[in-house]
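Containing compact mmCIF, C-alpha atoms and all ligand atoms: start00.txt.
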```
# COMPACT_ATOMS: atom_id res chain seq x y z
CA MET G 1 -97.80 -74.37 -4.76
CA ASN G 2 -97.00 -77.59 -2.95
CA GLY G 3 -94.05 -79.88 -3.52
CA PRO G 4 -90.53 -78.87 -4.45
CA ARG G 5 -89.78 -75.27 -5.34
CA PRO G 6 -89.00 -74.62 -8.98
CA ALA G 7 -85.36 -75.31 -9.76
CA THR G 8 -84.66 -71.71 -10.75
CA MET G 9 -85.56 -70.50 -7.27
CA SER G 10 -82.95 -72.54 -5.46
CA ALA G 11 -80.00 -71.15 -7.37
CA SER G 12 -78.58 -69.26 -4.40
CA ARG G 13 -79.79 -69.18 -0.83
CA ALA G 14 -77.48 -66.40 0.25
CA VAL G 15 -79.02 -63.66 -1.87
CA PRO G 16 -82.74 -64.05 -1.07
CA GLN G 17 -82.13 -63.81 2.69
CA ARG G 18 -81.14 -60.18 2.25
CA LEU G 19 -83.63 -57.35 1.95
CA LEU G 20 -82.84 -56.06 -1.52
CA ARG G 21 -82.99 -52.32 -2.15
CA VAL G 22 -84.22 -51.98 -5.70
CA LEU G 23 -84.42 -48.83 -7.77
CA HIS G 24 -87.14 -49.39 -10.36
CA LEU G 25 -87.18 -47.10 -13.39
CA GLU G 26 -90.71 -47.66 -14.65
CA ASP G 27 -93.47 -45.28 -15.74
CA SER G 28 -96.29 -47.79 -15.29
CA VAL G 29 -97.46 -48.39 -11.71
CA LEU G 30 -99.11 -51.57 -12.87
CA ASP G 31 -95.91 -52.97 -14.35
CA HIS G 32 -94.08 -51.98 -11.17
CA GLU G 33 -96.56 -53.92 -9.03
CA LEU G 34 -96.34 -56.88 -11.39
CA ALA G 35 -92.58 -57.03 -11.16
CA LEU G 36 -92.73 -56.86 -7.35
CA ALA G 37 -95.27 -59.67 -7.28
CA HIS G 38 -92.95 -61.84 -9.37
CA LEU G 39 -90.00 -61.11 -7.15
CA ARG G 40 -91.93 -61.93 -3.98
CA ARG G 41 -93.24 -65.09 -5.55
CA GLY G 42 -89.65 -65.95 -6.34
CA GLY G 43 -88.85 -65.76 -2.63
CA LEU G 44 -87.00 -62.44 -2.68
CA GLN G 45 -87.45 -59.76 -0.04
CA VAL G 46 -87.52 -56.49 -1.89
CA HIS G 47 -87.76 -52.87 -0.92
CA ALA G 48 -88.39 -51.07 -4.19
CA THR G 49 -88.56 -47.40 -5.09
CA ARG G 50 -90.13 -46.43 -8.38
CA VAL G 51 -88.86 -43.46 -10.39
CA GLU G 52 -89.93 -42.49 -13.89
CA SER G 53 -87.86 -39.53 -15.11
CA ARG G 54 -84.18 -38.86 -15.76
CA HIS G 55 -84.17 -36.27 -12.99
CA GLU G 56 -85.68 -38.63 -10.41
CA PHE G 57 -83.38 -41.40 -11.52
CA GLU G 58 -80.22 -39.30 -11.24
CA LEU G 59 -81.29 -38.03 -7.84
CA ALA G 60 -81.99 -41.55 -6.61
CA LEU G 61 -78.55 -42.76 -7.71
CA GLY G 62 -77.12 -40.85 -4.75
CA GLN G 63 -78.60 -43.48 -2.45
CA ASP G 64 -77.49 -47.06 -1.84
CA TRP G 65 -79.05 -49.75 -4.01
CA ASP G 66 -78.57 -53.45 -4.53
CA LEU G 67 -79.99 -53.48 -8.03
CA ILE G 68 -81.50 -51.31 -10.73
CA LEU G 69 -84.45 -52.64 -12.67
CA SER G 70 -85.29 -50.56 -15.68
CA ASP G 71 -87.96 -50.38 -18.29
CA TYR G 72 -86.62 -50.07 -21.82
CA ASN G 73 -88.93 -47.33 -23.06
CA LEU G 74 -89.98 -44.37 -20.97
CA PRO G 75 -91.44 -41.03 -22.00
CA GLY G 76 -88.43 -38.76 -22.61
CA PHE G 77 -85.92 -41.22 -21.23
CA SER G 78 -84.76 -44.77 -21.89
CA GLY G 79 -83.30 -47.75 -20.12
CA VAL G 80 -80.20 -47.56 -22.30
CA GLU G 81 -79.58 -43.92 -21.30
CA ALA G 82 -80.09 -44.88 -17.65
CA LEU G 83 -77.52 -47.65 -18.07
CA GLN G 84 -75.12 -45.14 -19.59
CA ILE G 85 -75.49 -42.84 -16.57
CA VAL G 86 -74.81 -45.72 -14.17
CA ARG G 87 -71.65 -46.72 -16.08
CA GLU G 88 -70.43 -43.12 -16.26
CA ARG G 89 -70.63 -42.91 -12.50
CA ALA G 90 -68.60 -46.14 -12.29
CA LEU G 91 -71.17 -47.72 -10.00
CA VAL G 92 -70.82 -51.46 -9.45
CA LEU G 93 -74.55 -52.08 -9.55
CA PRO G 94 -76.44 -54.85 -11.31
CA PHE G 95 -78.72 -53.42 -13.97
CA ILE G 96 -81.58 -55.46 -15.40
CA LEU G 97 -83.45 -54.22 -18.43
CA VAL G 98 -87.11 -55.13 -19.00
CA SER G 99 -89.06 -54.46 -22.14
CA GLY G 100 -92.24 -55.34 -23.87
CA GLU G 101 -90.60 -55.53 -27.27
CA ILE G 102 -86.83 -55.73 -26.91
CA GLY G 103 -85.22 -56.96 -30.08
CA GLU G 104 -82.29 -59.33 -29.99
CA GLU G 105 -79.89 -56.73 -31.35
CA THR G 106 -80.90 -54.15 -28.78
CA ALA G 107 -80.55 -56.73 -26.04
CA VAL G 108 -77.07 -57.72 -27.17
CA GLU G 109 -76.09 -54.07 -27.35
CA ALA G 110 -77.41 -53.47 -23.82
CA MET G 111 -75.45 -56.44 -22.48
CA ARG G 112 -72.35 -55.16 -24.20
CA ASN G 113 -72.87 -51.81 -22.49
CA GLY G 114 -72.86 -53.45 -19.11
CA ALA G 115 -76.44 -54.58 -18.46
CA SER G 116 -76.48 -57.65 -16.24
CA ASP G 117 -79.51 -59.15 -17.94
CA TYR G 118 -82.56 -58.34 -20.04
CA LEU G 119 -86.08 -59.77 -19.85
CA LEU G 120 -89.31 -59.56 -21.75
CA LYS G 121 -92.33 -58.33 -19.83
CA GLN G 122 -94.18 -61.43 -20.95
CA ASN G 123 -91.59 -63.59 -19.26
CA LEU G 124 -91.28 -62.13 -15.78
CA ALA G 125 -91.05 -65.57 -14.18
CA ARG G 126 -87.37 -65.26 -14.97
CA LEU G 127 -87.08 -62.06 -12.94
CA ALA G 128 -86.25 -63.51 -9.52
CA PRO G 129 -83.53 -65.89 -10.75
CA ALA G 130 -82.12 -63.08 -12.89
CA PHE G 131 -81.96 -60.92 -9.75
CA GLU G 132 -80.13 -63.62 -7.86
CA ARG G 133 -77.60 -64.15 -10.58
CA ALA G 134 -76.98 -60.45 -11.12
CA ILE G 135 -76.56 -59.70 -7.44
CA GLU G 136 -74.23 -62.61 -6.93
CA ALA G 137 -72.12 -61.46 -9.86
CA SER G 138 -71.93 -57.89 -8.58
CA ASP G 139 -71.13 -59.07 -5.04
CA THR G 140 -68.26 -61.06 -6.50
CA GLU G 141 -67.12 -58.09 -8.55
CA ARG G 142 -67.29 -55.79 -5.54
CA ALA G 143 -65.30 -58.28 -3.45
CA ARG G 144 -62.73 -58.54 -6.24
CA GLN G 145 -62.38 -54.78 -6.43
CA ALA G 146 -62.04 -54.55 -2.65
CA ALA G 147 -59.35 -57.26 -2.73
CA ASP G 148 -57.56 -55.42 -5.54
CA ARG G 149 -57.64 -52.18 -3.57
CA GLU G 150 -56.37 -53.96 -0.48
CA LEU G 151 -53.59 -55.60 -2.47
CA GLU G 152 -52.58 -52.28 -4.03
CA LEU G 153 -52.57 -50.63 -0.61
CA SER G 154 -50.49 -53.40 0.86
CA ARG G 155 -48.07 -53.25 -2.08
CA ASN G 156 -47.66 -49.50 -1.60
CA ARG G 157 -47.09 -49.94 2.12
CA LEU G 158 -44.47 -52.61 1.51
CA SER G 159 -42.72 -50.47 -1.07
CA ALA G 160 -42.75 -47.43 1.24
CA LEU G 161 -41.28 -49.58 4.01
CA ALA G 162 -38.57 -50.96 1.73
CA GLN G 163 -37.69 -47.45 0.57
CA HIS G 164 -37.61 -46.24 4.14
CA LEU G 165 -35.28 -49.10 5.05
CA GLN G 166 -32.94 -48.28 2.17
CA THR G 167 -32.78 -44.64 3.23
CA SER G 168 -32.32 -45.52 6.91
CA VAL G 169 -29.53 -47.94 6.07
CA GLU G 170 -27.68 -45.20 4.17
CA MET G 171 -28.21 -42.72 7.00
CA GLU G 172 -27.03 -45.24 9.56
CA ARG G 173 -23.99 -46.03 7.43
CA ALA G 174 -23.14 -42.35 7.13
CA ALA G 175 -23.50 -41.94 10.90
CA ILE G 176 -21.20 -44.90 11.60
CA ALA G 177 -18.67 -43.62 9.07
CA ARG G 178 -18.75 -40.21 10.77
CA GLU G 179 -18.16 -41.79 14.17
CA ILE G 180 -15.26 -43.85 12.88
CA HIS G 181 -13.83 -40.71 11.34
CA ASP G 182 -14.24 -38.48 14.37
CA ASP G 183 -13.45 -40.92 17.20
CA VAL G 184 -11.40 -43.80 15.86
CA GLY G 185 -9.74 -41.85 13.06
CA GLY G 186 -8.82 -38.91 15.28
CA SER G 187 -7.33 -41.12 17.99
CA LEU G 188 -5.40 -43.29 15.53
CA THR G 189 -3.90 -40.24 13.88
CA ALA G 190 -2.85 -38.80 17.24
CA LEU G 191 -1.44 -42.18 18.23
CA LYS G 192 0.54 -42.36 15.02
CA PHE G 193 2.18 -38.97 15.70
CA GLU G 194 2.96 -39.94 19.32
CA ILE G 195 4.54 -43.27 18.37
CA ASP G 196 6.50 -41.60 15.64
CA TRP G 197 7.82 -39.11 18.22
CA ILE G 198 8.81 -41.99 20.52
CA ARG G 199 10.55 -43.74 17.62
CA ARG G 200 12.53 -40.64 16.79
CA HIS G 201 13.47 -40.02 20.44
CA ALA G 202 14.04 -43.65 21.34
CA ALA G 203 16.75 -44.18 23.97
CA ASN G 204 17.90 -47.41 22.42
CA GLU G 205 17.50 -49.49 19.27
CA GLU G 206 15.08 -51.96 20.81
CA ILE G 207 12.60 -49.18 21.65
CA GLU G 208 13.04 -47.68 18.21
CA ARG G 209 12.37 -51.06 16.57
CA ARG G 210 9.31 -51.67 18.73
CA ALA G 211 8.02 -48.16 17.97
CA ALA G 212 8.48 -48.77 14.26
CA VAL G 213 6.44 -52.00 14.50
CA ALA G 214 3.75 -50.17 16.46
CA LEU G 215 3.74 -47.45 13.82
CA GLU G 216 3.17 -50.04 11.12
CA THR G 217 0.31 -51.60 13.08
CA VAL G 218 -1.32 -48.22 13.54
CA SER G 219 -0.94 -47.50 9.83
CA HIS G 220 -2.71 -50.79 9.07
CA ALA G 221 -5.49 -49.87 11.48
CA ILE G 222 -5.86 -46.50 9.74
CA GLU G 223 -6.04 -48.15 6.34
CA ALA G 224 -8.59 -50.67 7.60
CA SER G 225 -10.77 -47.92 9.06
CA GLN G 226 -10.59 -46.00 5.82
CA ARG G 227 -11.65 -49.09 3.92
CA VAL G 228 -14.54 -49.67 6.28
CA MET G 229 -15.53 -46.02 5.97
CA HIS G 230 -15.33 -46.17 2.23
CA ASN G 231 -17.64 -49.17 2.14
CA LEU G 232 -20.02 -47.42 4.48
CA ARG G 233 -19.99 -44.17 2.58
CA PRO G 234 -18.02 -43.78 -0.62
CA ALA G 235 -15.94 -40.62 -0.18
CA ILE G 236 -15.08 -40.74 -3.85
CA LEU G 237 -18.63 -39.57 -4.55
CA GLU G 238 -17.59 -36.14 -3.30
CA GLN G 239 -15.64 -35.83 -6.51
CA GLY G 240 -18.80 -36.43 -8.50
CA LEU G 241 -20.62 -39.48 -9.78
CA VAL G 242 -18.67 -39.70 -13.01
CA ALA G 243 -15.29 -39.79 -11.26
CA ALA G 244 -16.60 -42.27 -8.70
CA LEU G 245 -17.91 -44.64 -11.37
CA GLN G 246 -14.69 -44.36 -13.33
CA TRP G 247 -12.72 -45.25 -10.23
CA MET G 248 -15.09 -48.13 -9.42
CA THR G 249 -14.74 -49.51 -12.95
CA GLN G 250 -10.95 -49.40 -12.86
CA ARG G 251 -10.84 -51.07 -9.48
CA PHE G 252 -13.26 -53.76 -10.65
CA ALA G 253 -11.20 -54.46 -13.77
CA ARG G 254 -8.02 -54.74 -11.72
CA ARG G 255 -9.59 -56.97 -9.09
CA THR G 256 -11.44 -59.37 -11.40
CA GLY G 257 -9.37 -59.25 -14.58
CA ILE G 258 -12.59 -58.62 -16.54
CA GLU G 259 -12.14 -56.14 -19.39
CA CYS G 260 -14.12 -52.97 -18.61
CA ALA G 261 -15.11 -50.03 -20.77
CA PHE G 262 -16.40 -46.83 -19.20
CA ARG G 263 -18.25 -44.20 -21.21
CA THR G 264 -19.81 -40.94 -20.18
CA SER G 265 -21.66 -38.17 -21.95
CA HIS G 266 -20.33 -35.52 -19.52
CA ASP G 267 -17.34 -35.11 -17.24
CA MET G 268 -19.41 -33.67 -14.46
CA LEU G 269 -23.04 -34.02 -13.58
CA HIS G 270 -24.61 -31.93 -10.85
CA LEU G 271 -27.43 -34.13 -9.75
CA PRO G 272 -30.18 -33.66 -7.17
CA ALA G 273 -29.37 -34.88 -3.65
CA GLY G 274 -29.58 -38.62 -3.27
CA VAL G 275 -29.27 -39.46 -6.95
CA PRO G 276 -25.46 -39.98 -7.08
CA LEU G 277 -25.53 -42.44 -4.18
CA VAL G 278 -28.41 -44.38 -5.74
CA ALA G 279 -26.54 -44.59 -9.05
CA TYR G 280 -23.32 -45.54 -7.28
CA ARG G 281 -24.96 -48.35 -5.28
CA CYS G 282 -26.66 -49.51 -8.44
CA ALA G 283 -23.38 -49.82 -10.35
CA GLN G 284 -21.83 -51.48 -7.31
CA GLU G 285 -24.54 -54.15 -7.16
CA ALA G 286 -24.47 -54.69 -10.93
CA LEU G 287 -20.69 -55.22 -10.87
CA THR G 288 -20.88 -57.49 -7.83
CA ASN G 289 -23.50 -59.56 -9.64
CA ILE G 290 -21.28 -59.77 -12.71
CA SER G 291 -18.34 -61.04 -10.70
CA LYS G 292 -20.56 -63.47 -8.76
CA HIS G 293 -22.90 -64.81 -11.42
CA ALA G 294 -22.24 -63.72 -15.00
CA GLN G 295 -18.97 -65.42 -16.00
CA ALA G 296 -18.41 -62.50 -18.32
CA SER G 297 -15.22 -61.45 -20.03
CA ARG G 298 -16.29 -57.91 -20.83
CA VAL G 299 -18.31 -55.22 -19.09
CA GLU G 300 -19.52 -51.86 -20.32
CA ILE G 301 -20.60 -49.05 -18.06
CA GLU G 302 -22.18 -45.96 -19.46
CA ILE G 303 -23.52 -42.90 -17.75
CA SER G 304 -25.38 -40.31 -19.73
CA HIS G 305 -27.78 -37.45 -19.33
CA SER G 306 -30.14 -36.53 -22.08
CA ALA G 307 -33.70 -35.23 -22.41
CA GLY G 308 -33.87 -34.68 -18.66
CA VAL G 309 -33.13 -38.30 -17.78
CA LEU G 310 -30.02 -39.69 -16.15
CA LEU G 311 -29.19 -43.14 -17.51
CA LEU G 312 -26.76 -45.58 -15.99
CA GLU G 313 -26.25 -48.71 -18.04
CA VAL G 314 -24.16 -51.69 -16.97
CA SER G 315 -23.96 -54.56 -19.43
CA ASP G 316 -21.97 -57.75 -19.53
CA ASN G 317 -21.37 -60.47 -22.11
CA GLY G 318 -21.95 -63.27 -19.61
CA GLN G 319 -24.34 -66.20 -19.50
CA GLY G 320 -27.46 -64.14 -18.76
CA LEU G 321 -30.15 -64.87 -16.22
CA ALA G 322 -33.53 -66.55 -16.22
CA PRO G 323 -36.66 -64.89 -14.81
CA LEU G 324 -36.65 -67.51 -12.06
CA ASP G 325 -33.25 -66.27 -10.87
CA LEU G 326 -34.92 -63.07 -9.74
CA GLU G 327 -37.45 -65.02 -7.67
CA LYS G 328 -34.81 -66.53 -5.38
CA ALA G 329 -36.10 -66.15 -1.86
CA ARG G 330 -32.84 -64.89 -0.42
CA SER G 331 -31.72 -62.64 -3.26
CA PHE G 332 -32.38 -59.02 -2.43
CA GLY G 333 -29.80 -57.25 -4.58
CA ILE G 334 -31.92 -56.42 -7.61
CA ARG G 335 -35.11 -56.13 -5.58
CA GLY G 336 -33.30 -53.61 -3.41
CA LEU G 337 -32.24 -51.65 -6.50
CA HIS G 338 -35.86 -51.25 -7.58
CA GLU G 339 -36.69 -49.74 -4.20
CA ARG G 340 -33.54 -47.62 -4.16
CA ALA G 341 -34.35 -46.25 -7.61
CA SER G 342 -37.85 -45.30 -6.55
CA THR G 343 -36.53 -43.27 -3.60
CA VAL G 344 -35.37 -40.73 -6.22
CA GLY G 345 -38.27 -41.23 -8.65
CA GLY G 346 -36.32 -43.58 -10.91
CA TRP G 347 -36.66 -47.17 -12.05
CA ILE G 348 -34.61 -50.20 -13.07
CA ASP G 349 -34.86 -52.14 -16.33
CA LEU G 350 -33.17 -55.48 -16.56
CA SER G 351 -32.82 -57.36 -19.81
CA SER G 352 -30.98 -60.55 -20.39
CA SER G 353 -30.25 -63.11 -23.05
CA ALA G 354 -27.70 -65.82 -23.67
CA ALA G 355 -25.42 -63.02 -24.90
CA GLY G 356 -25.39 -61.22 -21.57
CA THR G 357 -27.25 -59.01 -19.16
CA THR G 358 -27.97 -55.29 -19.16
CA LEU G 359 -29.13 -53.34 -16.16
CA ILE G 360 -30.36 -49.80 -16.70
CA LEU G 361 -31.16 -47.22 -14.07
CA SER G 362 -33.24 -44.29 -15.31
CA VAL G 363 -33.85 -41.22 -13.18
CA PRO G 364 -35.69 -38.16 -14.45
CA VAL G 365 -33.53 -35.22 -13.31
CA ALA G 366 -34.84 -32.25 -15.20
CA ASN G 367 -32.87 -29.73 -13.15
CA ALA G 368 -29.46 -31.42 -13.38
CA ARG G 369 -26.65 -29.16 -14.59
CA VAL G 370 -24.02 -30.73 -16.77
CA GLU G 371 -20.52 -29.54 -17.51
CA ALA G 372 -17.49 -30.63 -19.35
CA GLN G 373 -15.16 -29.59 -16.54
CA ALA G 374 -14.76 -30.82 -13.02
CA GLU G 375 -15.86 -28.51 -10.23
CA PRO G 376 -15.52 -28.69 -6.47
CA ALA G 377 -18.28 -30.60 -4.68
CA PRO G 378 -21.44 -28.52 -4.32
CA ALA G 379 -22.34 -26.91 -1.00
CA GLY G 380 -24.26 -29.18 1.33
CA SER G 381 -21.66 -31.92 1.25
CA GLU G 382 -19.62 -30.01 3.82
CA HIS G 383 -18.48 -32.89 6.01
CA ASP G 384 -16.90 -35.90 4.38
CA PRO G 385 -16.32 -38.51 7.05
CA SER G 386 -14.18 -40.76 4.95
CA THR G 387 -11.48 -38.34 3.97
CA TRP G 388 -9.01 -37.81 6.76
CA GLY G 389 -6.74 -35.40 5.05
CA ALA G 390 -3.05 -36.22 4.75
CA LEU G 391 -2.14 -38.90 7.20
N1 LIG W 401 -25.19 -60.07 -14.47
C1 LIG W 401 -25.76 -61.25 -14.18
N2 LIG W 401 -25.51 -62.34 -14.94
C2 LIG W 401 -26.07 -63.53 -14.66
N3 LIG W 401 -26.94 -63.72 -13.65
C3 LIG W 401 -27.24 -62.69 -12.85
C4 LIG W 401 -26.67 -61.40 -13.08
N4 LIG W 401 -27.17 -60.56 -12.14
C5 LIG W 401 -28.00 -61.28 -11.38
N5 LIG W 401 -28.04 -62.58 -11.79
C6 LIG W 401 -28.90 -63.65 -11.25
O1 LIG W 401 -29.97 -63.05 -10.56
C7 LIG W 401 -30.01 -63.50 -9.23
C8 LIG W 401 -30.49 -62.39 -8.33
O2 LIG W 401 -29.52 -61.37 -8.19
P1 LIG W 401 -29.55 -60.44 -6.92
O3 LIG W 401 -30.94 -59.94 -6.72
O4 LIG W 401 -28.49 -59.41 -7.07
O5 LIG W 401 -29.24 -61.39 -5.71
P2 LIG W 401 -27.87 -62.16 -5.31
O6 LIG W 401 -26.75 -61.54 -6.08
O7 LIG W 401 -27.76 -61.93 -3.85
O8 LIG W 401 -28.10 -63.59 -5.65
C9 LIG W 401 -28.61 -63.99 -8.93
O9 LIG W 401 -28.61 -64.96 -7.92
C10 LIG W 401 -28.17 -64.55 -10.27
O10 LIG W 401 -28.66 -65.85 -10.45
MG MG W 402 -26.55 -59.43 -6.09
```
What is this file in structure tokens?
Amino acid sequence: MNGPRPATMSASRAVPQRLLRVLHLEDSVLDHELALAHLRRGGLQVHATRVESRHEFELALGQDWDLILSDYNLPGFSGVEALQIVRERALVLPFILVSGEIGEETAVEAMRNGASDYLLKQNLARLAPAFERAIEASDTERARQAADRELELSRNRLSALAQHLQTSVEMERAAIAREIHDDVGGSLTALKFEIDWIRRHAANEEIERRAAVALETVSHAIEASQRVMHNLRPAILEQGLVAALQWMTQRFARRTGIECAFRTSHDMLHLPAGVPLVAYRCAQEALTNISKHAQASRVEIEISHSAGVLLLEVSDNGQGLAPLDLEKARSFGIRGLHERASTVGGWIDLSSSAAGTTLILSVPVANARVEAQAEPAPAGSEHDPSTWGAL
């Protein structure tokens, strides 16, 4: 044919350049040849393999194909069953159904089941453009799935990195606290005793006065180091999460003047390693946020353990937050909590309205023991760097 190519043939130039590997489910050799002739006439380069039974078809599915072309009716097998097999194997493969007598209902049903297209044998001129369309669509779908997988992978990597950072920060903090305790703390305590000795044995009043001032300075330094150590690693946690949260709540109420209520289902919770610190940091961030952003007059903190889940709930009656608040580029508090929670298999729920904000940490802790009475800290917490004994 001279002159311009038919419009249907110029739909996509990218697809026809490729040699297309086609699996053709067709019992008639003649029909197979006819289909190939139409495809070649349509400008497609095709390498086709013809199969005609379920067994051959299933075997062939193990190989790589660009498209499946299938007859509707075969002896002992059907195009619809073939389509079913392809979908069950979750193959992203265009599937075109061809029939001599396909009814509209059957065609619609086939399309609903995932066929890319259907054609009548009398109308095979449509075959090449149908191929192009179907292959383009499946290429797009495959690219989308690959992008999704890549995105998921990248999300997981980012989350693993964030969790690793959270854990490393806590380990680093504990190490610094230990160093302050062992080196600075030890020296300051020794210094305090020495200066006190000098004060008591002072030869004159001036030396005694100076020694007393020095003693006061050293005491301040000791207090400051203890404060720094506490911020680095809350020693109060050694007395259990419940006691630590109670203490935190009282201190918060005193410091901010905000009315605070603390409720707990148990006096003592023996939780798996790592969980108390995560819960503690979570409450700390929630309270900091309340004092910074909420303008609340009342806060409720509740810790409970039921049905194998530890729940920490911090709610305020402040102004609430908008979803956009959580998108702030430089706000990492709540984002950090999500990562922290996942280091112990937990998660954070945040809900907010004009009546206030509630932050909930949930951690499944099936093996937690609960008691009504306080017990000494469990073994494994042998060295507490932020308690210096009686100074
Ligand atoms: N309890 C709260 N009440 C009102 N707004 C809050 C509350 N907690 C958080 N927000 C809002 O959410 C934002 C993000 O909080 P966060 O991730 O902790 O980061 P940051 O506190 O550093 O801003 C805050 O800037 C604030 O606008
Ligand atoms: Mg914050």
Residues within 6 Å of ligand LIG 401 (chain W) should be enumerated using only C-alpha atoms and all ligand atoms and returned as a VMD selection string. chain G and resid 289 to 290 293 to 294 318 to 321 325 to 326 331 to 335 357
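Around the coordinate (-19.6, -40.9, -22.6), residues that reach within 7 Å when counting only C-alpha atoms are Arg263, Thr264, Ser265, His266, Glu302, Ile303 and Ser304 of chain G.
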CA of Arg112 in chain G to CA of Arg41 in chain G: how many Å, to one decimal?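 Computing the Euclidean distance for CA of Arg112 in chain G and CA of Arg41 in chain G yields 29.7 Å.
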Can you list, as a list in words, every protein, DNA or RNA residue that comes within 12 Å of Ala212 in chain G when you count only C-alpha atoms, leaving out same-chain residues fewer than 6 positions away? Lys192, Phe193, Glu194, Ile195, Asp196, Trp197, Ile198, Arg199, Arg200, His201, Ala202, Glu205, Glu206, Val218 and Ser219 of chain G
For CA of Ala107 in chain G and CA of Ala137 in chain G, the interatomic separation in Å (one decimal):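 Rounded to one decimal, the two atoms are 18.8 Å apart.
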For ligand MG 402 (chain W), which residue out of G:Cys282, G:Ala174, G:Leu120, G:Leu271 is the nearest one, using all atoms listed in the file?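 Closest to ligand MG 402 (chain W), using all atoms listed in the file: G:Cys282.
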Please provide as a list of chain:residue names all residues within 8 Å of Ile222 in chain G, with the sequence filter that same-chain residues fewer than 2 positions apart are discarded (counting all atoms listed in the file). G:Gly185, G:Leu188, G:Thr189, G:Val218, G:Ser219, G:His220, G:Ala224, G:Ser225, G:Gln226
Two-atom distance - CA of Gly257 in chain G, CA of Asp316 in chain G (Å):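 So the answer is 13.6 Å.
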Give me the residues within 8 Å of Ala366 in chain G as number ranges by chain, counting all atoms listed in the file and dropping any in the same chain fewer than 4 places off. G: 307-309
Just the selected residues (C-alpha atoms), exported as a PDB file, in the coordinates of the input, please.
```pdb
ATOM      1  CA  ALA G 307     -33.700 -35.230 -22.410  1.00  0.00           C
ATOM      2  CA  GLY G 308     -33.870 -34.680 -18.660  1.00  0.00           C
ATOM      3  CA  VAL G 309     -33.130 -38.300 -17.780  1.00  0.00           C
TER       4      VAL G 309
END
```
Please determine, counting only C-alpha atoms and all ligand atoms, which residue among G:Leu83, G:Leu359, G:Leu287, G:Leu91 has the shortest atom-to-atom distance to ligand MG 402 (chain W).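 For ligand MG 402 (chain W), the nearest of the candidates is G:Leu287.
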Between G:Thr288, G:Gln246, G:Ser353, G:Ser306, smallest distance to ligand MG 402 (chain W) by all atoms listed in the file belongs to G:Thr288
Considering all atoms listed in the file, can you say which of G:His24, G:Arg281, G:His305, G:His32 comes closest to ligand MG 402 (chain W)? G:Arg281
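Considering the residues G:Ser342, G:Arg178, G:Ser315, G:Gln145 and counting all atoms listed in the file, Val228 in chain G has its shortest atom-to-atom contact with G:Arg178.
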Report as a ChimeraX atom specification all protein, DNA and RNA residues lying within 12 Å of Glu88 in chain G, evaluated on all atoms listed in the file, omitting residues in the same chain fewer than 4 positions from it. /G:58,61,81-84,92-93,113-114
Between G:Ala235, G:Arg251, G:Ser187, G:Pro94, which has the minimum distance to Thr140 in chain G (counting all atoms listed in the file)?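 Of the candidates, the smallest distance to Thr140 in chain G is held by G:Pro94.
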Can you tell me which residues surround Ala130 in chain G at a distance of at most 9 Å, considering all atoms listed in the file, apart from same-chain residues fewer than 6 positions away, and format the answer as a ChimeraX atom specification? /G:96,116-119
